[in-house]
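Coordinates as given in start.pdb (PDB, C-alpha atoms):
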ATOM      1  CA  MET A   1      86.324 -61.027  61.477
ATOM      2  CA  ALA A   2      86.985 -61.926  65.117
ATOM      3  CA  ALA A   3      90.632 -62.797  65.785
ATOM      4  CA  SER A   4      89.604 -65.216  68.519
ATOM      5  CA  PHE A   5      86.691 -66.143  70.711
ATOM      6  CA  LYS A   6      85.839 -64.230  73.876
ATOM      7  CA  GLN A   7      88.259 -65.016  76.727
ATOM      8  CA  ASN A   8      89.920 -63.340  79.686
ATOM      9  CA  TRP A   9      93.711 -63.257  79.485
ATOM     10  CA  VAL A  10      95.692 -63.723  82.690
ATOM     11  CA  PRO A  11      99.318 -64.286  83.814
ATOM     12  CA  ARG A  12     100.689 -67.822  84.044
ATOM     13  CA  ASN A  13     101.783 -67.586  87.697
ATOM     14  CA  ILE A  14     100.036 -66.700  90.952
ATOM     15  CA  ALA A  15     102.794 -64.213  91.863
ATOM     16  CA  ASP A  16     101.860 -62.095  88.828
ATOM     17  CA  ILE A  17      98.090 -62.121  89.187
ATOM     18  CA  ASP A  18      97.939 -58.607  90.710
ATOM     19  CA  ASP A  19     100.771 -57.158  88.640
ATOM     20  CA  ALA A  20      99.258 -54.805  86.059
ATOM     21  CA  ASN A  21     102.482 -54.999  84.029
ATOM     22  CA  ALA A  22     102.704 -58.780  83.922
ATOM     23  CA  ILE A  23     102.390 -60.612  80.614
ATOM     24  CA  THR A  24      98.897 -62.059  80.202
ATOM     25  CA  ASP A  25      99.112 -64.912  77.723
ATOM     26  CA  LEU A  26      96.888 -67.623  79.207
ATOM     27  CA  GLY A  27      93.268 -67.563  78.125
ATOM     28  CA  GLN A  28      90.545 -68.329  80.656
ATOM     29  CA  PRO A  29      86.829 -68.639  79.848
ATOM     30  CA  HIS A  30      84.966 -65.343  79.774
ATOM     31  CA  PHE A  31      83.347 -66.075  83.157
ATOM     32  CA  ILE A  32      86.693 -66.453  84.979
ATOM     33  CA  LYS A  33      87.953 -62.958  85.672
ATOM     34  CA  ARG A  34      91.363 -61.903  86.917
ATOM     35  CA  GLU A  35      90.002 -60.081  89.983
ATOM     36  CA  HIS A  36      88.138 -63.229  91.009
ATOM     37  CA  LEU A  37      91.332 -65.279  90.644
ATOM     38  CA  SER A  38      93.132 -62.757  92.850
ATOM     39  CA  LYS A  39      90.553 -63.325  95.581
ATOM     40  CA  LEU A  40      90.839 -67.092  95.126
ATOM     41  CA  TYR A  41      94.622 -67.154  95.523
ATOM     42  CA  LYS A  42      94.552 -64.865  98.554
ATOM     43  CA  ASN A  43      92.052 -67.015 100.440
ATOM     44  CA  TYR A  44      92.432 -70.606  99.298
ATOM     45  CA  GLN A  45      94.341 -72.837 101.719
ATOM     46  CA  PRO A  46      96.231 -75.504  99.741
ATOM     47  CA  LYS A  47      96.743 -78.943 101.258
ATOM     48  CA  ALA A  48      99.132 -81.745 100.454
ATOM     49  CA  ASN A  49      97.519 -84.236  98.080
ATOM     50  CA  ASP A  50      95.010 -81.763  96.681
ATOM     51  CA  THR A  51      94.296 -83.380  93.318
ATOM     52  CA  TYR A  52      93.691 -81.549  90.060
ATOM     53  CA  VAL A  53      92.438 -82.807  86.720
ATOM     54  CA  ALA A  54      94.485 -80.277  84.765
ATOM     55  CA  THR A  55      93.903 -80.394  81.055
ATOM     56  CA  TYR A  56      94.229 -78.242  78.009
ATOM     57  CA  PRO A  57      90.560 -77.773  77.039
ATOM     58  CA  LYS A  58      88.982 -80.595  75.020
ATOM     59  CA  CYS A  59      91.648 -83.179  75.832
ATOM     60  CA  GLY A  60      89.257 -85.474  77.697
ATOM     61  CA  THR A  61      88.496 -83.456  80.827
ATOM     62  CA  THR A  62      84.868 -84.546  81.294
ATOM     63  CA  TRP A  63      85.780 -88.147  80.508
ATOM     64  CA  THR A  64      88.597 -88.234  83.069
ATOM     65  CA  ILE A  65      86.370 -86.651  85.707
ATOM     66  CA  LYS A  66      83.600 -89.207  85.124
ATOM     67  CA  ILE A  67      86.157 -91.992  85.679
ATOM     68  CA  ILE A  68      87.220 -90.318  88.933
ATOM     69  CA  GLU A  69      83.573 -90.070  90.031
ATOM     70  CA  HIS A  70      83.177 -93.817  89.564
ATOM     71  CA  LEU A  71      86.459 -94.624  91.316
ATOM     72  CA  ASN A  72      85.359 -92.566  94.324
ATOM     73  CA  LYS A  73      81.760 -93.843  94.181
ATOM     74  CA  GLN A  74      80.509 -90.258  93.910
ATOM     75  CA  VAL A  75      78.777 -90.511  90.553
ATOM     76  CA  LEU A  76      76.659 -87.682  89.191
ATOM     77  CA  ASP A  77      73.551 -88.986  87.423
ATOM     78  CA  GLY A  78      74.324 -86.983  84.310
ATOM     79  CA  ILE A  79      77.264 -85.147  82.756
ATOM     80  CA  GLY A  80      79.037 -82.540  84.868
ATOM     81  CA  GLY A  81      80.928 -79.455  83.778
ATOM     82  CA  GLY A  82      82.308 -78.525  87.188
ATOM     83  CA  LEU A  83      80.259 -75.341  87.496
ATOM     84  CA  THR A  84      78.437 -76.312  90.697
ATOM     85  CA  GLU A  85      79.407 -77.286  94.226
ATOM     86  CA  ASP A  86      77.186 -80.354  93.888
ATOM     87  CA  GLU A  87      79.767 -82.150  91.779
ATOM     88  CA  PHE A  88      82.565 -84.309  93.135
ATOM     89  CA  VAL A  89      85.076 -82.500  90.907
ATOM     90  CA  PRO A  90      84.162 -78.789  90.769
ATOM     91  CA  TRP A  91      85.944 -76.284  88.552
ATOM     92  CA  PHE A  92      88.581 -74.763  90.840
ATOM     93  CA  GLU A  93      88.513 -71.246  89.404
ATOM     94  CA  THR A  94      84.730 -70.908  89.828
ATOM     95  CA  ILE A  95      84.955 -70.893  93.641
ATOM     96  CA  THR A  96      85.203 -67.091  93.676
ATOM     97  CA  SER A  97      83.093 -66.415  90.584
ATOM     98  CA  PRO A  98      79.867 -64.555  91.496
ATOM     99  CA  LYS A  99      78.311 -65.991  88.334
ATOM    100  CA  PHE A 100      78.335 -69.456  89.921
ATOM    101  CA  ARG A 101      78.542 -68.798  93.680
ATOM    102  CA  VAL A 102      75.848 -66.620  95.267
ATOM    103  CA  ASP A 103      77.906 -66.213  98.437
ATOM    104  CA  VAL A 104      81.592 -66.232  97.472
ATOM    105  CA  LYS A 105      82.865 -66.101 101.069
ATOM    106  CA  LYS A 106      80.704 -69.070 102.026
ATOM    107  CA  ALA A 107      81.916 -70.960  98.947
ATOM    108  CA  MET A 108      85.524 -70.178  99.851
ATOM    109  CA  ASP A 109      85.037 -71.370 103.440
ATOM    110  CA  LYS A 110      83.399 -74.541 102.185
ATOM    111  CA  ALA A 111      86.271 -75.203  99.787
ATOM    112  CA  ASN A 112      88.870 -74.708 102.519
ATOM    113  CA  ALA A 113      87.039 -77.027 104.908
ATOM    114  CA  LYS A 114      86.688 -79.799 102.359
ATOM    115  CA  GLU A 115      88.875 -82.902 102.650
ATOM    116  CA  ASN A 116      90.112 -85.166  99.835
ATOM    117  CA  ARG A 117      89.692 -82.350  97.339
ATOM    118  CA  VAL A 118      89.666 -82.984  93.608
ATOM    119  CA  TRP A 119      89.429 -79.989  91.276
ATOM    120  CA  LYS A 120      89.007 -79.417  87.572
ATOM    121  CA  THR A 121      91.236 -76.781  85.969
ATOM    122  CA  HIS A 122      92.522 -75.569  82.615
ATOM    123  CA  SER A 123      95.248 -73.474  84.220
ATOM    124  CA  THR A 124      99.030 -73.818  84.052
ATOM    125  CA  PRO A 125     100.905 -75.356  87.024
ATOM    126  CA  GLY A 126     102.018 -71.865  88.036
ATOM    127  CA  LEU A 127      98.391 -71.048  88.834
ATOM    128  CA  LEU A 128      97.785 -74.024  91.115
ATOM    129  CA  PRO A 129      98.309 -73.158  94.813
ATOM    130  CA  LYS A 130     101.020 -75.267  96.462
ATOM    131  CA  PRO A 131     101.110 -76.208 100.183
ATOM    132  CA  GLU A 132     104.128 -75.334 102.338
ATOM    133  CA  THR A 133     104.753 -79.035 102.918
ATOM    134  CA  GLY A 134     103.886 -81.943 100.676
ATOM    135  CA  LYS A 135     102.801 -81.758  97.048
ATOM    136  CA  ILE A 136      99.638 -81.407  95.040
ATOM    137  CA  LYS A 137      98.767 -84.223  92.651
ATOM    138  CA  VAL A 138      97.906 -83.495  89.032
ATOM    139  CA  ILE A 139      96.296 -85.749  86.430
ATOM    140  CA  VAL A 140      96.964 -84.506  82.895
ATOM    141  CA  CYS A 141      95.149 -86.043  79.946
ATOM    142  CA  THR A 142      96.768 -85.296  76.578
ATOM    143  CA  ARG A 143      95.303 -85.629  73.103
ATOM    144  CA  HIS A 144      96.576 -85.050  69.575
ATOM    145  CA  PRO A 145      96.477 -81.260  69.175
ATOM    146  CA  LEU A 146      94.716 -81.409  65.817
ATOM    147  CA  ASP A 147      91.850 -83.421  67.304
ATOM    148  CA  VAL A 148      91.809 -80.940  70.186
ATOM    149  CA  PHE A 149      91.440 -78.041  67.754
ATOM    150  CA  VAL A 150      88.531 -79.734  65.964
ATOM    151  CA  SER A 151      86.744 -80.422  69.256
ATOM    152  CA  THR A 152      87.398 -76.902  70.498
ATOM    153  CA  TRP A 153      86.000 -75.389  67.305
ATOM    154  CA  HIS A 154      82.740 -77.279  67.762
ATOM    155  CA  HIS A 155      82.607 -76.253  71.425
ATOM    156  CA  VAL A 156      83.309 -72.578  70.742
ATOM    157  CA  ARG A 157      80.821 -72.461  67.872
ATOM    158  CA  ARG A 158      78.006 -74.158  69.788
ATOM    159  CA  MET A 159      78.552 -71.620  72.567
ATOM    160  CA  SER A 160      78.694 -68.704  70.123
ATOM    161  CA  LYS A 161      76.305 -66.522  72.142
ATOM    162  CA  SER A 162      78.888 -66.323  74.925
ATOM    163  CA  THR A 163      82.117 -66.902  72.964
ATOM    164  CA  GLU A 164      81.124 -64.463  70.204
ATOM    165  CA  TYR A 165      82.799 -66.589  67.537
ATOM    166  CA  GLU A 166      81.224 -67.895  64.330
ATOM    167  CA  GLU A 167      84.129 -68.410  61.918
ATOM    168  CA  PRO A 168      84.708 -71.619  59.915
ATOM    169  CA  PHE A 169      87.212 -74.239  61.042
ATOM    170  CA  THR A 170      90.014 -73.223  58.677
ATOM    171  CA  SER A 171      89.970 -69.685  60.048
ATOM    172  CA  PHE A 172      89.878 -71.016  63.593
ATOM    173  CA  PHE A 173      92.823 -73.325  63.005
ATOM    174  CA  ARG A 174      95.028 -70.773  61.267
ATOM    175  CA  ASN A 175      94.151 -67.578  63.122
ATOM    176  CA  VAL A 176      93.426 -68.928  66.606
ATOM    177  CA  CYS A 177      95.125 -72.282  67.197
ATOM    178  CA  LEU A 178      98.429 -71.609  65.451
ATOM    179  CA  THR A 179      98.770 -68.197  67.096
ATOM    180  CA  GLY A 180      98.209 -69.368  70.665
ATOM    181  CA  LEU A 181      94.877 -67.561  70.933
ATOM    182  CA  ASN A 182      93.121 -70.828  71.761
ATOM    183  CA  THR A 183      93.812 -70.693  75.520
ATOM    184  CA  ASP A 184      97.569 -71.120  75.016
ATOM    185  CA  HIS A 185     100.118 -72.748  72.738
ATOM    186  CA  ILE A 186      99.171 -76.349  73.438
ATOM    187  CA  LEU A 187     102.713 -77.772  73.429
ATOM    188  CA  ARG A 188     103.921 -75.090  75.862
ATOM    189  CA  PHE A 189     100.970 -75.779  78.169
ATOM    190  CA  HIS A 190     101.922 -79.447  78.508
ATOM    191  CA  GLU A 191     105.646 -78.728  78.688
ATOM    192  CA  GLU A 192     105.121 -76.659  81.832
ATOM    193  CA  TYR A 193     103.476 -79.648  83.517
ATOM    194  CA  PHE A 194     106.278 -82.009  82.507
ATOM    195  CA  GLU A 195     108.817 -79.485  83.814
ATOM    196  CA  ALA A 196     106.934 -79.040  87.103
ATOM    197  CA  VAL A 197     107.077 -82.801  87.683
ATOM    198  CA  ASP A 198     110.766 -82.972  86.766
ATOM    199  CA  LYS A 199     111.514 -80.135  89.207
ATOM    200  CA  GLY A 200     109.640 -81.928  91.991
ATOM    201  CA  GLU A 201     107.062 -79.141  92.303
ATOM    202  CA  ILE A 202     104.077 -81.457  91.798
ATOM    203  CA  GLU A 203     103.246 -85.134  91.506
ATOM    204  CA  GLY A 204     101.968 -85.862  88.022
ATOM    205  CA  LEU A 205     100.189 -88.593  86.102
ATOM    206  CA  PHE A 206     100.046 -88.221  82.322
ATOM    207  CA  ILE A 207      97.561 -90.270  80.333
ATOM    208  CA  LYS A 208      96.928 -90.289  76.604
ATOM    209  CA  PHE A 209      93.446 -89.861  75.166
ATOM    210  CA  GLU A 210      94.356 -92.180  72.298
ATOM    211  CA  ASP A 211      95.388 -94.990  74.662
ATOM    212  CA  MET A 212      92.215 -94.565  76.704
ATOM    213  CA  LYS A 213      90.098 -95.037  73.569
ATOM    214  CA  THR A 214      91.163 -98.673  73.280
ATOM    215  CA  GLU A 215      89.482-101.332  75.432
ATOM    216  CA  ASN A 216      92.675-102.445  77.166
ATOM    217  CA  GLY A 217      94.003 -98.898  77.266
ATOM    218  CA  ALA A 218      90.896 -97.639  79.063
ATOM    219  CA  MET A 219      91.213-100.266  81.780
ATOM    220  CA  ASP A 220      94.947 -99.589  82.092
ATOM    221  CA  GLY A 221      94.278 -95.858  82.391
ATOM    222  CA  ILE A 222      91.621 -96.412  85.047
ATOM    223  CA  GLU A 223      94.027 -98.556  87.038
ATOM    224  CA  LYS A 224      96.743 -95.871  86.771
ATOM    225  CA  ILE A 225      94.358 -93.158  87.978
ATOM    226  CA  ALA A 226      93.191 -95.367  90.853
ATOM    227  CA  LYS A 227      96.764 -96.085  91.947
ATOM    228  CA  PHE A 228      97.661 -92.384  91.692
ATOM    229  CA  MET A 229      94.677 -91.520  93.909
ATOM    230  CA  ASN A 230      95.382 -94.380  96.344
ATOM    231  CA  ILE A 231      92.119 -96.161  95.530
ATOM    232  CA  SER A 232      92.239 -99.939  95.852
ATOM    233  CA  GLU A 233      88.648-101.164  95.474
ATOM    234  CA  PHE A 234      87.145-100.710  92.003
ATOM    235  CA  ASP A 235      85.989-102.612  88.935
ATOM    236  CA  ALA A 236      88.027-101.309  86.006
ATOM    237  CA  ASP A 237      86.055-103.279  83.415
ATOM    238  CA  LYS A 238      82.715-101.940  84.677
ATOM    239  CA  ILE A 239      83.988 -98.363  84.876
ATOM    240  CA  ALA A 240      85.446 -98.602  81.367
ATOM    241  CA  LYS A 241      82.040 -99.614  80.005
ATOM    242  CA  LEU A 242      80.169 -96.919  81.948
ATOM    243  CA  THR A 243      82.565 -94.189  80.809
ATOM    244  CA  SER A 244      82.890 -95.170  77.151
ATOM    245  CA  PHE A 245      81.973 -92.379  74.747
ATOM    246  CA  LYS A 246      78.913 -94.368  73.688
ATOM    247  CA  SER A 247      77.758 -94.538  77.305
ATOM    248  CA  MET A 248      78.600 -90.878  77.932
ATOM    249  CA  ARG A 249      76.670 -89.719  74.854
ATOM    250  CA  LYS A 250      73.672 -91.768  75.974
ATOM    251  CA  LEU A 251      73.941 -90.286  79.460
ATOM    252  CA  GLU A 252      73.897 -86.756  78.056
ATOM    253  CA  SER A 253      70.908 -87.657  75.887
ATOM    254  CA  ASP A 254      68.938 -89.437  78.638
ATOM    255  CA  LYS A 255      69.860 -87.406  81.713
ATOM    256  CA  GLY A 256      71.558 -84.287  80.391
ATOM    257  CA  MET A 257      74.423 -82.017  81.390
ATOM    258  CA  LEU A 258      74.259 -80.338  84.782
ATOM    259  CA  THR A 259      73.834 -76.581  84.512
ATOM    260  CA  ALA A 260      74.567 -73.903  87.103
ATOM    261  CA  LYS A 261      70.855 -73.147  87.377
ATOM    262  CA  LYS A 262      68.572 -74.276  90.188
ATOM    263  CA  GLY A 263      64.933 -75.299  89.974
ATOM    264  CA  GLU A 264      62.114 -73.681  91.930
ATOM    265  CA  ASN A 265      62.817 -75.918  94.914
ATOM    266  CA  GLY A 266      66.593 -75.765  94.641
ATOM    267  CA  GLU A 267      66.880 -78.951  92.621
ATOM    268  CA  GLN A 268      69.543 -79.566  90.003
ATOM    269  CA  VAL A 269      68.750 -78.570  86.435
ATOM    270  CA  PHE A 270      70.062 -80.665  83.545
ATOM    271  CA  GLN A 271      70.101 -79.848  79.848
ATOM    272  CA  LYS A 272      69.685 -82.887  77.616
ATOM    273  CA  GLY A 273      71.789 -83.353  74.515
ATOM    274  CA  THR A 274      69.562 -83.566  71.450
ATOM    275  CA  ASP A 275      72.083 -83.763  68.594
ATOM    276  CA  THR A 276      72.288 -87.284  67.203
ATOM    277  CA  SER A 277      75.268 -86.415  65.005
ATOM    278  CA  ALA A 278      78.843 -85.527  65.918
ATOM    279  CA  GLY A 279      78.861 -82.635  63.473
ATOM    280  CA  SER A 280      81.274 -82.024  60.605
ATOM    281  CA  VAL A 281      83.389 -79.291  59.075
ATOM    282  CA  ASP A 282      80.133 -77.926  57.629
ATOM    283  CA  LYS A 283      77.843 -78.536  60.625
ATOM    284  CA  VAL A 284      78.548 -77.656  64.234
ATOM    285  CA  GLY A 285      77.933 -80.478  66.711
ATOM    286  CA  THR A 286      75.844 -79.182  69.606
ATOM    287  CA  ASN A 287      76.327 -81.875  72.260
ATOM    288  CA  HIS A 288      79.056 -81.541  74.908
ATOM    289  CA  ILE A 289      79.966 -85.214  74.453
ATOM    290  CA  ARG A 290      80.363 -85.061  70.686
ATOM    291  CA  ALA A 291      82.548 -87.751  69.082
ATOM    292  CA  GLY A 292      85.747 -88.495  70.978
ATOM    293  CA  LYS A 293      87.219 -89.629  67.693
ATOM    294  CA  VAL A 294      90.918 -90.366  67.276
ATOM    295  CA  GLY A 295      92.325 -88.902  64.060
ATOM    296  CA  GLY A 296      89.100 -87.146  63.115
ATOM    297  CA  TRP A 297      91.126 -84.078  62.194
ATOM    298  CA  VAL A 298      91.889 -85.542  58.758
ATOM    299  CA  GLU A 299      88.290 -84.724  57.771
ATOM    300  CA  TYR A 300      88.821 -81.029  58.563
ATOM    301  CA  MET A 301      92.292 -80.160  57.281
ATOM    302  CA  ASN A 302      93.716 -79.833  53.786
ATOM    303  CA  ASP A 303      97.331 -80.323  52.669
ATOM    304  CA  GLU A 304      98.159 -76.652  53.191
ATOM    305  CA  ASP A 305      96.835 -76.776  56.754
ATOM    306  CA  LEU A 306      98.979 -79.821  57.496
ATOM    307  CA  VAL A 307     102.096 -78.089  56.174
ATOM    308  CA  MET A 308     101.360 -75.135  58.439
ATOM    309  CA  TRP A 309     100.905 -77.469  61.396
ATOM    310  CA  ARG A 310     104.172 -79.291  60.781
ATOM    311  CA  ASN A 311     106.023 -75.991  60.542
ATOM    312  CA  TYR A 312     104.420 -74.974  63.827
ATOM    313  CA  VAL A 313     105.674 -78.175  65.486
ATOM    314  CA  ARG A 314     109.186 -77.589  64.142
ATOM    315  CA  VAL A 315     109.246 -74.197  65.852
ATOM    316  CA  TRP A 316     107.805 -75.323  69.178
ATOM    317  CA  GLU A 317     109.623 -78.643  69.529
ATOM    318  CA  VAL A 318     112.777 -76.672  70.345
ATOM    319  CA  TYR A 319     111.077 -75.274  73.451
ATOM    320  CA  CYS A 320     108.982 -78.318  74.319
ATOM    321  CA  PRO A 321     111.213 -81.411  74.080
ATOM    322  CA  LEU A 322     109.501 -83.302  76.916
ATOM    323  CA  THR A 323     106.088 -82.882  75.332
ATOM    324  CA  VAL A 324     107.293 -83.966  71.894
ATOM    325  CA  GLU A 325     108.962 -87.018  73.398
ATOM    326  CA  PHE A 326     105.778 -87.953  75.246
ATOM    327  CA  TYR A 327     103.550 -87.620  72.177
ATOM    328  CA  GLY A 328     106.068 -89.077  69.753
ATOM    329  CA  ARG A 329     107.252 -86.763  66.994
ATOM    330  CA  ASP A 330     105.878 -88.765  64.080
ATOM    331  CA  PHE A 331     102.478 -89.016  65.743
ATOM    332  CA  LEU A 332     102.509 -85.310  66.532
ATOM    333  CA  MET A 333     103.356 -84.439  62.939
ATOM    334  CA  GLY A 334     100.267 -86.265  61.746
ATOM    335  CA  GLY A 335     102.236 -88.864  59.864
TER     336      GLY A 335
END

Represent the supplied structure as structure tokens.
Amino acid sequence: MAASFKQNWVPRNIADIDDANAITDLGQPHFIKREHLSKLYKNYQPKANDTYVATYPKCGTTWTIKIIEHLNKQVLDGIGGGLTEDEFVPWFETITSPKFRVDVKKAMDKANAKENRVWKTHSTPGLLPKPETGKIKVIVCTRHPLDVFVSTWHHVRRMSKSTEYEEPFTSFFRNVCLTGLNTDHILRFHEEYFEAVDKGEIEGLFIKFEDMKTENGAMDGIEKIAKFMNISEFDADKIAKLTSFKSMRKLESDKGMLTAKKGENGEQVFQKGTDTSAGSVDKVGTNHIRAGKVGGWVEYMNDEDLVMWRNYVRVWEVYCPLTVEFYGRDFLMGG
């Protein structure tokens, strides 16, 4: 039985990336390698107001990025994953990945020359390059951890050829999520962002997935993101409708998700979502935009699982008070 899915484990801070003795307790996708990160940090030139959509995986990353595309009027006609340079919000750590950049030096030069940069990342704040003057800006979308774990399980299972993981949800929850082998301990991940803001190291905007799922909450969230990015001209109501999960699922079905492949003439290649269901504890959902359901975890967990989760929170709330306060303890406990 696999303990976890296939990942590359790296240090939490740039200063440790080349230290062979450093603790490596942050999981990155299998295609992001430590030696490629080393090259990235040595050559990337950070600028004040570089903006990152920095999320724990499956907290609403793609959703937040699609909102940002609309706010900046740079909308991809499909769903993006950040793997290509064609997207308005590329995945930061792929700049120096030979898997996605044929000419890494050229990609690095292009990234450094770019203005008004917005990046996707699943890294800790210690792995985001800071400029000598000014601050980077970070948008963090949070989501109830139990819903995150359900979404991650579907994602990891549908990508089983590359993640090498095929265990049922209960095993995933107990042996991967509760042990920190799912990227990181989720409460610690968010705590580091709250601490970085409190210390004045970054500018941060924190939005809640659950708030964004309501009609008024979505518009409020869009307005907060626009203000944070200094964008004044936009139609929040229109963007909310275009980025609803219903609209996003339809977009994946009609247009598809952008892949890193190129067609014969260099054109973009999209892969359409064909799964009409969101999946269940017995059936893996195969679309990237799956359900976006709030509280869907209750369909996956039994009473024993919930006891284990609450004990987990009791341990980690001591080390993550800012995160617990932001979520709300009762909400976090699944009450």

Please return as a ChimeraX atom specification every residue within 8 Å of (88.2, -84.8, 91.2), taking into account all atoms listed in the file and the file's own coordinates.
/A:51-53,65,68-69,88-90,117-120

At a cut-off of 7 Å, using only C-alpha atoms, what residues contact A:Leu127? Leave out same-chain residues fewer than 2 positions from it and give the result as an mmCIF file with C-alpha atoms, keeping the file's coordinate frame.
data_model
loop_
_atom_site.group_PDB
_atom_site.id
_atom_site.type_symbol
_atom_site.label_atom_id
_atom_site.label_comp_id
_atom_site.auth_asym_id
_atom_site.auth_seq_id
_atom_site.Cartn_x
_atom_site.Cartn_y
_atom_site.Cartn_z
ATOM 1 C CA ARG A 12 100.689 -67.822 84.044
ATOM 2 C CA ASN A 13 101.783 -67.586 87.697
ATOM 3 C CA ILE A 14 100.036 -66.700 90.952
ATOM 4 C CA SER A 123 95.248 -73.474 84.220
ATOM 5 C CA THR A 124 99.030 -73.818 84.052
ATOM 6 C CA PRO A 125 100.905 -75.356 87.024
ATOM 7 C CA PRO A 129 98.309 -73.158 94.813
#

Using the chain letters and residue numbers of this document, give as a short mmCIF file (atom, residue, chain, number, x, y, z; two decimals) with C-alpha atoms, in the coordinates of the input the residues selected by the PyMOL selection byres ((chain A and resi 20-30) around 8).
data_model
loop_
_atom_site.label_atom_id
_atom_site.label_comp_id
_atom_site.auth_asym_id
_atom_site.auth_seq_id
_atom_site.Cartn_x
_atom_site.Cartn_y
_atom_site.Cartn_z
CA LYS A 6 85.84 -64.23 73.88
CA GLN A 7 88.26 -65.02 76.73
CA ASN A 8 89.92 -63.34 79.69
CA TRP A 9 93.71 -63.26 79.48
CA VAL A 10 95.69 -63.72 82.69
CA PRO A 11 99.32 -64.29 83.81
CA ARG A 12 100.69 -67.82 84.04
CA ASP A 16 101.86 -62.10 88.83
CA ILE A 17 98.09 -62.12 89.19
CA ASP A 18 97.94 -58.61 90.71
CA ASP A 19 100.77 -57.16 88.64
CA PHE A 31 83.35 -66.08 83.16
CA ILE A 32 86.69 -66.45 84.98
CA LYS A 33 87.95 -62.96 85.67
CA HIS A 122 92.52 -75.57 82.62
CA SER A 123 95.25 -73.47 84.22
CA SER A 162 78.89 -66.32 74.92
CA THR A 163 82.12 -66.90 72.96
CA LEU A 181 94.88 -67.56 70.93
CA ASN A 182 93.12 -70.83 71.76
CA THR A 183 93.81 -70.69 75.52
CA ASP A 184 97.57 -71.12 75.02
#

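In this model, the gap between atom CA of A:Asn43 and atom CA of A:Arg101 comes to 15.2 Å.
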
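From atom CA of A:Asn230 back to atom CA of A:Asp198, the distance works out to 21.4 Å.
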
Run the PyMOL selection byres ((chain A and resi 80) around 6) mentally over the shown coordinates, then write out the matched residues as a PyMOL selection string, using the chain letters and numbers from the document.
chain A and resi 79+81-82+257-258

Output for the residues just chosen: C-alpha atoms as a PDB file, in the coordinates of the input:
ATOM      1  CA  ILE A  79      77.264 -85.147  82.756  1.00  0.00           C
ATOM      2  CA  GLY A  81      80.928 -79.455  83.778  1.00  0.00           C
ATOM      3  CA  GLY A  82      82.308 -78.525  87.188  1.00  0.00           C
ATOM      4  CA  MET A 257      74.423 -82.017  81.390  1.00  0.00           C
ATOM      5  CA  LEU A 258      74.259 -80.338  84.782  1.00  0.00           C
TER       6      LEU A 258
END

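If only C-alpha atoms are the atoms counted, then among A:Val307, A:Met229, A:Met108, A:Met212 the closest residue to A:Cys141 is A:Met212.
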